[in-house]
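Worksheet: the structure to be examined is printed underneath.
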Amino acid sequence: METWGEDYLHRETQAYIQIDTGGLGDFQFGLVSGSIDGYVEDMGTEPRFTFTWEGRDEMHPVSGGGWLRPTGDGEA
């Protein structure tokens with residue numbers, strides 16, 4: 001996401017990623033929005049949330065995957 005500027009990330013709404021305790025969630029940044037499905041896995045001493053996602057970039061279907069590390073305060 002570092003390739004986009006702050007003005008793009010918050011273009012339609014404040015950019016966000018929300019994930020519930022079951023690993024399902026949704027996100028929006030810029031003109032990209034969609035749903036997330038993932039799980040927490042142990043990677044050495046630090047857990048990470050690994051996920052797949054699908055959604056739309058403007059009106060075009062898009063999908064992918066990734067991971068993030070929680071910071072311990074409910075945010076990543």
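Here's how to read the names in the structure tokens: chain A, B, ... by the order shown, residue numbers from 1 in each chain, ligand numbers from 1 in the order shown.
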- Item | Secondary structure check, strand (DSSP E or B) residues of stretch 23-60 of chain A, as a ChimeraX atom specification | /A:24-29,32-43,46-57,60
Next, dump the selected residues to file, keeping only C-alpha atoms, as a PDB file, in the first residue's frame.
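Okay, out.pdb is ready:
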```pdb
ATOM      1  CA  LEU A  24     -13.734 -12.781   8.563  1.00  0.00           C
ATOM      2  CA  GLY A  25     -13.716  -9.107   7.718  1.00  0.00           C
ATOM      3  CA  ASP A  26     -13.874  -6.329   5.182  1.00  0.00           C
ATOM      4  CA  PHE A  27     -11.776  -3.415   4.016  1.00  0.00           C
ATOM      5  CA  GLN A  28     -11.715  -0.297   1.901  1.00  0.00           C
ATOM      6  CA  PHE A  29      -8.924   1.952   0.754  1.00  0.00           C
ATOM      7  CA  VAL A  32     -10.733  -0.783  -3.615  1.00  0.00           C
ATOM      8  CA  SER A  33     -13.127  -2.622  -1.290  1.00  0.00           C
ATOM      9  CA  GLY A  34     -13.803  -6.233  -0.435  1.00  0.00           C
ATOM     10  CA  SER A  35     -13.960  -9.069   2.050  1.00  0.00           C
ATOM     11  CA  ILE A  36     -11.239 -10.940   3.952  1.00  0.00           C
ATOM     12  CA  ASP A  37     -11.072 -14.548   5.167  1.00  0.00           C
ATOM     13  CA  GLY A  38      -8.092 -15.609   7.256  1.00  0.00           C
ATOM     14  CA  TYR A  39      -6.574 -17.209  10.324  1.00  0.00           C
ATOM     15  CA  VAL A  40      -3.857 -16.577  12.901  1.00  0.00           C
ATOM     16  CA  GLU A  41      -0.758 -18.749  12.622  1.00  0.00           C
ATOM     17  CA  ASP A  42       2.378 -18.950  14.759  1.00  0.00           C
ATOM     18  CA  MET A  43       5.514 -17.805  12.963  1.00  0.00           C
ATOM     19  CA  GLU A  46       5.230 -13.791  16.801  1.00  0.00           C
ATOM     20  CA  PRO A  47       1.804 -14.733  15.410  1.00  0.00           C
ATOM     21  CA  ARG A  48       0.583 -13.368  12.103  1.00  0.00           C
ATOM     22  CA  PHE A  49      -2.802 -13.163  10.425  1.00  0.00           C
ATOM     23  CA  THR A  50      -2.709 -14.830   6.983  1.00  0.00           C
ATOM     24  CA  PHE A  51      -5.616 -14.086   4.666  1.00  0.00           C
ATOM     25  CA  THR A  52      -7.149 -14.181   1.213  1.00  0.00           C
ATOM     26  CA  TRP A  53      -9.369 -11.409  -0.072  1.00  0.00           C
ATOM     27  CA  GLU A  54     -11.705 -10.627  -2.942  1.00  0.00           C
ATOM     28  CA  GLY A  55     -13.483  -7.486  -3.947  1.00  0.00           C
ATOM     29  CA  ARG A  56     -13.606  -4.676  -6.481  1.00  0.00           C
ATOM     30  CA  ASP A  57     -11.213  -2.020  -7.726  1.00  0.00           C
ATOM     31  CA  HIS A  60     -13.272  -4.566 -11.748  1.00  0.00           C
TER      32      HIS A  60
END
```
All alpha helix (DSSP H) residues (DSSP, backbone) inside stretch 2-56 of chain A, as an mmCIF file with N, CA and C atoms, in the first residue's frame:
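Output file result26.cif is given in full below:
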```
data_model
loop_
_atom_site.group_PDB
_atom_site.id
_atom_site.type_symbol
_atom_site.label_atom_id
_atom_site.label_comp_id
_atom_site.auth_asym_id
_atom_site.auth_seq_id
_atom_site.Cartn_x
_atom_site.Cartn_y
_atom_site.Cartn_z
ATOM 1 N N GLU A 6 -1.623 9.287 0.708
ATOM 2 C CA GLU A 6 -2.700 9.438 1.681
ATOM 3 C C GLU A 6 -3.984 9.936 1.035
ATOM 4 N N ASP A 7 -3.891 10.837 0.065
ATOM 5 C CA ASP A 7 -5.098 11.374 -0.566
ATOM 6 C C ASP A 7 -5.871 10.284 -1.299
ATOM 7 N N TYR A 8 -5.182 9.300 -1.897
ATOM 8 C CA TYR A 8 -5.884 8.197 -2.556
ATOM 9 C C TYR A 8 -6.476 7.237 -1.525
ATOM 10 N N LEU A 9 -5.706 6.873 -0.504
ATOM 11 C CA LEU A 9 -6.164 5.887 0.485
ATOM 12 C C LEU A 9 -7.486 6.273 1.124
#
```
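If only C-alpha atoms are the atoms counted, then among A:Leu31, A:His10, A:Thr3, A:Gly23 the closest residue to A:Pro61 is A:Leu31.
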- Computed interatomic separation between atom CA of A:Glu58 and atom CA of A:Thr21 (Å): 28.4 Å
- Message: Calculated over only C-alpha atoms, which of the candidates A:Gly44, A:Pro70, A:Gly30, A:Gly64 has the smallest distance to A:Gln14?
- Response: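 Using only C-alpha atoms, the shortest distance to A:Gln14 belongs to A:Gly30.
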